[in-house]
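For reference, target-v9.txt (compact mmCIF, C-alpha atoms):
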```
# COMPACT_ATOMS: atom_id res chain seq x y z
CA LYS A 1 0.00 0.00 0.00
CA LEU A 2 1.40 3.36 -1.04
CA LYS A 3 0.80 6.46 0.98
CA LYS A 4 0.95 9.99 -0.28
CA ILE A 5 4.08 11.68 1.01
CA LEU A 6 4.24 14.84 -1.07
CA ASP A 7 1.59 17.31 -2.09
CA TYR A 8 2.81 18.42 -5.51
CA ASN A 9 0.19 21.18 -5.57
CA LYS A 10 2.26 22.91 -2.89
CA ALA A 11 5.65 22.28 -4.55
CA GLU A 12 7.77 25.33 -5.25
CA ILE A 13 9.71 25.52 -8.51
CA VAL A 14 13.21 26.93 -8.13
CA ASP A 15 14.67 27.82 -11.51
CA PHE A 16 18.46 27.90 -11.85
CA ARG A 17 18.59 28.55 -15.59
CA ASN A 18 20.98 31.26 -16.74
CA ASN A 19 22.25 32.71 -20.00
CA GLU A 20 25.94 32.29 -19.17
CA GLY A 21 26.13 28.57 -19.94
CA ARG A 22 26.87 27.62 -16.34
CA VAL A 23 25.21 24.42 -15.18
CA LEU A 24 24.37 22.34 -12.16
CA GLU A 25 23.17 19.27 -13.99
CA GLY A 26 20.36 17.41 -12.29
CA THR A 27 20.50 15.48 -9.07
CA GLY A 28 23.75 13.71 -10.01
CA ALA A 29 25.84 16.86 -9.71
CA VAL A 30 25.39 16.99 -5.94
CA VAL A 31 25.21 14.58 -3.02
CA ILE A 32 23.30 15.88 0.00
CA ASP A 33 23.75 14.80 3.60
CA ARG A 34 20.13 15.42 4.54
CA TRP A 35 20.73 14.67 8.23
CA ASN A 36 23.33 17.43 8.59
CA LYS A 37 22.28 19.81 5.78
CA ILE A 38 25.60 19.49 3.94
CA CYS A 39 25.90 19.45 0.15
CA TYR A 40 28.89 17.88 -1.59
CA GLY A 41 29.80 18.85 -5.15
CA SER A 42 32.62 17.63 -7.38
CA LEU A 43 33.25 20.59 -9.68
CA SER A 44 33.24 19.80 -13.38
CA LYS A 45 31.62 20.94 -16.65
CA ARG A 46 28.37 19.64 -15.16
CA CYS A 47 28.81 21.23 -11.72
CA ASP A 48 29.71 24.91 -11.92
CA LYS A 49 31.00 26.34 -8.63
CA GLY A 50 28.81 29.45 -8.78
CA GLU A 51 25.67 27.47 -9.54
CA PHE A 52 26.56 24.96 -6.81
CA LEU A 53 26.91 27.76 -4.25
CA LYS A 54 23.64 29.32 -5.42
CA PHE A 55 21.87 25.94 -4.99
CA CYS A 56 23.29 25.50 -1.48
CA LYS A 57 22.20 28.99 -0.45
CA ALA A 58 18.69 28.51 -1.87
CA PHE A 59 18.21 25.27 0.09
CA ASP A 60 20.11 26.32 3.24
CA LEU A 61 22.86 23.71 2.82
CA LYS A 62 26.51 23.97 3.85
CA PRO A 63 28.56 23.70 0.63
CA VAL A 64 31.57 21.38 0.42
CA TYR A 65 33.06 21.50 -3.06
CA PHE A 66 36.09 19.74 -4.44
CA LYS A 67 37.60 18.42 -7.65
CA SER A 68 38.04 14.78 -8.54
CA LYS A 69 39.60 13.00 -11.49
CA ASP A 70 39.53 9.49 -12.88
CA LYS A 71 42.27 8.59 -15.35
CA GLY A 72 43.06 12.30 -15.90
CA THR A 73 39.47 13.41 -16.57
CA TYR A 74 37.26 15.35 -14.15
CA ILE A 75 34.52 13.13 -12.74
CA TYR A 76 31.27 14.29 -14.31
CA HIS A 77 28.85 13.71 -11.39
CA THR A 78 29.41 13.71 -7.65
CA ASN A 79 27.02 10.78 -7.19
CA VAL A 80 29.32 8.52 -9.21
CA LEU A 81 32.10 9.16 -6.70
CA MET A 82 30.18 9.03 -3.42
CA MET A 83 27.00 8.49 -1.48
CA VAL A 84 26.06 9.69 2.00
CA GLY A 85 23.82 7.60 4.20
CA GLU A 86 22.46 8.20 7.66
CA LYS A 87 25.49 6.74 9.46
CA PHE A 88 28.13 6.21 6.79
CA ALA A 89 29.49 7.57 3.55
CA ILE A 90 30.87 5.55 0.65
CA ILE A 91 33.50 7.50 -1.28
CA ALA A 92 36.34 7.00 -3.76
CA ASP A 93 38.42 9.52 -1.84
CA ASP A 94 41.68 8.62 -3.60
CA LEU A 95 40.21 10.25 -6.73
CA ILE A 96 39.77 13.64 -5.03
CA VAL A 97 42.51 15.95 -6.31
CA GLU A 98 41.49 19.20 -4.61
CA ASN A 99 40.02 19.84 -1.12
CA LYS A 100 40.18 16.16 -0.14
CA GLU A 101 40.89 16.88 3.54
CA GLU A 102 37.94 19.29 3.75
CA VAL A 103 35.62 16.59 2.37
CA LEU A 104 36.88 13.91 4.76
CA LYS A 105 36.81 16.32 7.72
CA SER A 106 33.20 17.26 6.94
CA LEU A 107 32.17 13.61 6.77
CA ARG A 108 33.97 12.78 10.04
CA GLU A 109 32.60 15.82 11.88
CA SER A 110 29.07 14.90 10.81
CA GLY A 111 29.53 11.50 12.45
CA LYS A 112 29.75 9.41 9.28
CA GLU A 113 31.85 6.27 9.09
CA ILE A 114 33.93 6.67 5.92
CA ILE A 115 33.97 3.63 3.65
CA SER A 116 36.71 4.20 1.07
CA LEU A 117 36.40 2.70 -2.38
CA ASN A 118 39.34 1.46 -4.39
CA GLN A 119 39.56 1.90 -8.17
CA GLU A 120 37.84 -1.41 -8.98
CA GLU A 121 34.92 -0.64 -6.65
CA PHE A 122 34.60 2.84 -8.17
CA ASP A 123 34.78 1.51 -11.74
CA ASN A 124 31.83 -0.79 -10.96
CA PHE A 125 29.67 2.09 -9.61
CA ALA A 126 29.80 1.26 -5.89
CA GLY A 127 29.70 5.00 -5.20
CA ASN A 128 26.50 5.33 -7.22
CA SER A 129 24.34 3.60 -4.65
CA ILE A 130 21.60 5.01 -2.44
CA GLU A 131 20.29 4.40 1.05
CA LEU A 132 16.54 4.00 1.46
CA LYS A 133 14.60 4.05 4.70
CA GLY A 134 13.46 0.57 5.75
CA HIS A 135 11.05 -0.47 8.50
CA ASP A 136 13.60 -2.01 10.85
CA LYS A 137 16.86 -1.17 9.11
CA ASN A 138 17.91 1.14 6.30
CA ILE A 139 18.54 -0.46 2.91
CA LEU A 140 21.55 0.24 0.71
CA VAL A 141 20.43 -0.29 -2.88
CA ILE A 142 23.46 -1.02 -5.05
CA ALA A 143 24.13 -2.47 -8.51
CA GLN A 144 24.83 -6.20 -8.48
CA SER A 145 28.12 -5.62 -10.30
CA ALA A 146 29.15 -3.03 -7.70
CA TYR A 147 28.26 -5.41 -4.89
CA ASP A 148 30.20 -8.23 -6.57
CA HIS A 149 33.32 -6.03 -6.60
CA LEU A 150 33.05 -4.69 -3.03
CA ARG A 151 35.84 -5.81 -0.75
CA LYS A 152 34.72 -8.02 2.14
CA GLU A 153 35.63 -5.39 4.75
CA ASN A 154 33.45 -2.79 3.00
CA ILE A 155 30.49 -5.19 2.89
CA GLU A 156 30.94 -5.82 6.62
CA LYS A 157 31.04 -2.08 7.40
CA ILE A 158 27.84 -1.49 5.43
CA GLU A 159 26.05 -4.48 6.96
CA LYS A 160 26.69 -3.11 10.46
CA GLN A 161 24.21 -0.35 9.58
CA ASP A 162 22.14 -1.36 6.55
CA GLU A 163 20.68 -4.30 4.74
CA ILE A 164 22.26 -4.51 1.27
CA LEU A 165 19.99 -4.94 -1.75
CA PRO A 166 21.98 -5.64 -4.94
CA ILE A 167 20.05 -5.24 -8.21
CA ASP A 168 21.20 -6.20 -11.71
CA VAL A 169 21.33 -3.03 -13.81
CA GLU A 170 24.12 -4.10 -16.17
CA THR A 171 22.41 -2.85 -19.33
CA ILE A 172 21.80 0.61 -17.89
CA SER A 173 25.34 0.86 -16.52
CA LYS A 174 26.86 -0.28 -19.80
CA TYR A 175 24.82 1.90 -22.17
CA GLY A 176 23.66 4.73 -19.93
CA GLY A 177 26.85 5.39 -18.03
CA GLY A 178 25.25 5.33 -14.61
CA SER A 179 23.84 3.02 -12.02
CA ILE A 180 21.33 2.71 -9.18
CA ARG A 181 21.54 6.27 -7.83
CA CYS A 182 20.89 7.63 -11.31
CA MET A 183 17.57 5.76 -11.41
CA ILE A 184 16.16 6.51 -7.96
CA ALA A 185 15.16 10.08 -7.13
CA GLU A 186 15.25 11.37 -3.58
CA ASN A 187 12.14 12.83 -1.98
CA PHE A 188 12.63 14.74 1.28
```
Could you write out this structure as structure tokens?
Amino acid sequence: KLKKILDYNKAEIVDFRNNEGRVLEGTGAVVIDRWNKICYGSLSKRCDKGEFLKFCKAFDLKPVYFKSKDKGTYIYHTNVLMMVGEKFAIIADDLIVENKEEVLKSLRESGKEIISLNQEEFDNFAGNSIELKGHDKNILVIAQSAYDHLRKENIEKIEKQDEILPIDVETISKYGGGSIRCMIAENF
């Protein structure tokens, strides 16, 4: 049984369009720690610093911006690199090339256990997962291929807090360039 959570008749539209060509592309450009009102953004062609700061101000979020690269190229979306759950964060922190300590400090100070991804885990979209609220325990929804490549110690860290739900999304990952987080929208 579904229950109505949002009243879309009362939704406010916030328009960030501009004529300067600056973008903050969709929900993938940012990762929000909803429990602590912190917004993480990996700056790239798809995440302009000015637009990121404007977004954070409009939604009363503390901005934490940084730059990250994979194989010499800026990472296009923050949600490919990291996710933030209620009690932990999964992040490919070795790929952060600017402001890494600020990111890790923010995660630590907000009480998150940091689960670091290696290159293989990152390449299989382990950072592009999402935590959903469950009845008894939160649920980490993750691509099956990402789960299959998680190191045992990372699985154990996640399972201390969440139930893990791996889902096969191989076709979408292969042809769409994303994974679970790209398919599930957040509603808060």
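Near Tyr74 (chain A), within a cut-off of 12 Å and counting all atoms listed in the file, sit the residues Ser42, Leu43, Ser44, Lys45, Arg46, Cys47, Phe66, Lys67, Ser68, Lys69, Asp70, Thr78, Val80, Leu81, Leu95, Ile96, Val97 and Glu98 of chain A, with same-chain residues fewer than 4 positions away left out.
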Of the listed residues A:Asp48, A:Glu131, A:Asp136, A:Asp162, that which approaches Ile180 (chain A) most closely, counting all atoms listed in the file: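 Result for the nearest residue to Ile180 (chain A): A:Glu131.
Proximity to Val31 (chain A) was assessed for A:Ile75, A:Ala58, A:Leu140, A:Val84 counting all atoms listed in the file; the smallest distance is recorded for A:Val84.
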Atom-to-atom span, CA of Met83 (chain A) and CA of Val30 (chain A), Å: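 We find that CA of Met83 (chain A) and CA of Val30 (chain A) lie 9.7 Å from each other.
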Straight-line distance linking CA of Lys152 (chain A) with CA of Ser173 (chain A), stated in Å to one decimal: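 For CA of Lys152 (chain A) relative to CA of Ser173 (chain A), the distance reads 22.7 Å.
One finds CA of Glu156 (chain A) at 18.1 Å from CA of Phe125 (chain A).
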Nearest candidate to Tyr40 (chain A) (options A:Glu25, A:Asp94, A:Glu102, A:Glu121; using only C-alpha atoms): A:Glu102
Point (21.6, 31.9, -7.3) neighbourhood (10 Å, only C-alpha atoms) written as JSON, numbers by chain: {"A": [14, 15, 16, 17, 18, 50, 51, 52, 53, 54, 55, 56, 57, 58]}
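Taking all atoms listed in the file into account, Leu132 (chain A) lies nearest to A:Gln161 out of the set A:Ser179, A:Ser110, A:Gln161, A:Gln119.
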Selected residue of minimal separation from Ala89 (chain A) among A:Ile158, A:Leu24, A:Val169, A:Ile139, counting all atoms listed in the file: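 Looking at the shortest contact to Ala89 (chain A), the residue is A:Ile158.
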Pick from A:Asp93, A:Glu186, A:Asp168, A:Asp33 nearest to Ala143 (chain A), counting all atoms listed in the file: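 Between A:Asp93, A:Glu186, A:Asp168, A:Asp33, the residue approaching Ala143 (chain A) most closely is A:Asp168.
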With all atoms of region 88-102 of chain A from the file as input, state the centre and edge lengths in Å to one decimal of the axis-aligned box that has 3 Å extra on each side, as lines of an AutoDock Vina configuration file.
```
center_x = 35.3
center_y = 12.7
center_z = 0.0
size_x = 20.4
size_y = 20.3
size_z = 19.5
```
Spatial neighbours of Asn154 (chain A), 12 Å, all atoms listed in the file, chain gap at least 6 places, as a PyMOL selection string: chain A and resi 88-91+113-118+121+126-127+146-148+160-162+164
Export: region 143-164 of chain A, N, CA and C atoms, as a short mmCIF file (atom, residue, chain, number, x, y, z; two decimals), in the first residue's frame:
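Once everything was written out, this is result-v1.cif:
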```
data_model
loop_
_atom_site.label_atom_id
_atom_site.label_comp_id
_atom_site.auth_asym_id
_atom_site.auth_seq_id
_atom_site.Cartn_x
_atom_site.Cartn_y
_atom_site.Cartn_z
N ALA A 143 24.08 -1.61 -7.32
CA ALA A 143 24.13 -2.47 -8.51
C ALA A 143 24.77 -3.80 -8.14
N GLN A 144 24.27 -4.87 -8.73
CA GLN A 144 24.83 -6.20 -8.48
C GLN A 144 26.32 -6.23 -8.80
N SER A 145 26.70 -5.63 -9.93
CA SER A 145 28.12 -5.62 -10.30
C SER A 145 28.96 -4.86 -9.29
N ALA A 146 28.42 -3.78 -8.74
CA ALA A 146 29.15 -3.03 -7.70
C ALA A 146 29.30 -3.89 -6.45
N TYR A 147 28.21 -4.54 -6.06
CA TYR A 147 28.26 -5.41 -4.89
C TYR A 147 29.27 -6.54 -5.09
N ASP A 148 29.28 -7.13 -6.28
CA ASP A 148 30.20 -8.23 -6.57
C ASP A 148 31.66 -7.82 -6.48
N HIS A 149 31.94 -6.52 -6.64
CA HIS A 149 33.32 -6.03 -6.60
C HIS A 149 33.68 -5.35 -5.27
N LEU A 150 32.73 -5.27 -4.33
CA LEU A 150 33.05 -4.69 -3.03
C LEU A 150 33.99 -5.62 -2.26
N ARG A 151 34.97 -5.03 -1.62
CA ARG A 151 35.84 -5.81 -0.75
C ARG A 151 35.04 -6.28 0.47
N LYS A 152 35.43 -7.42 1.01
CA LYS A 152 34.72 -8.02 2.14
C LYS A 152 34.60 -7.04 3.31
N GLU A 153 35.68 -6.32 3.61
CA GLU A 153 35.63 -5.39 4.75
C GLU A 153 34.63 -4.25 4.53
N ASN A 154 34.44 -3.83 3.28
CA ASN A 154 33.45 -2.79 3.00
C ASN A 154 32.03 -3.33 3.14
N ILE A 155 31.80 -4.56 2.70
CA ILE A 155 30.49 -5.19 2.89
C ILE A 155 30.17 -5.28 4.39
N GLU A 156 31.14 -5.69 5.18
CA GLU A 156 30.94 -5.82 6.62
C GLU A 156 30.63 -4.48 7.27
N LYS A 157 31.31 -3.42 6.85
CA LYS A 157 31.04 -2.08 7.40
C LYS A 157 29.62 -1.64 7.07
N ILE A 158 29.20 -1.88 5.84
CA ILE A 158 27.84 -1.49 5.43
C ILE A 158 26.81 -2.30 6.20
N GLU A 159 27.03 -3.60 6.30
CA GLU A 159 26.05 -4.48 6.96
C GLU A 159 25.90 -4.21 8.45
N LYS A 160 26.85 -3.51 9.06
CA LYS A 160 26.69 -3.11 10.46
C LYS A 160 25.51 -2.14 10.60
N GLN A 161 25.24 -1.40 9.53
CA GLN A 161 24.21 -0.35 9.58
C GLN A 161 22.98 -0.68 8.73
N ASP A 162 23.20 -1.22 7.56
CA ASP A 162 22.14 -1.36 6.55
C ASP A 162 22.03 -2.80 6.05
N GLU A 163 20.85 -3.10 5.55
CA GLU A 163 20.68 -4.30 4.74
C GLU A 163 21.13 -3.91 3.33
N ILE A 164 21.81 -4.80 2.64
CA ILE A 164 22.26 -4.51 1.27
C ILE A 164 21.35 -5.19 0.28
#
```
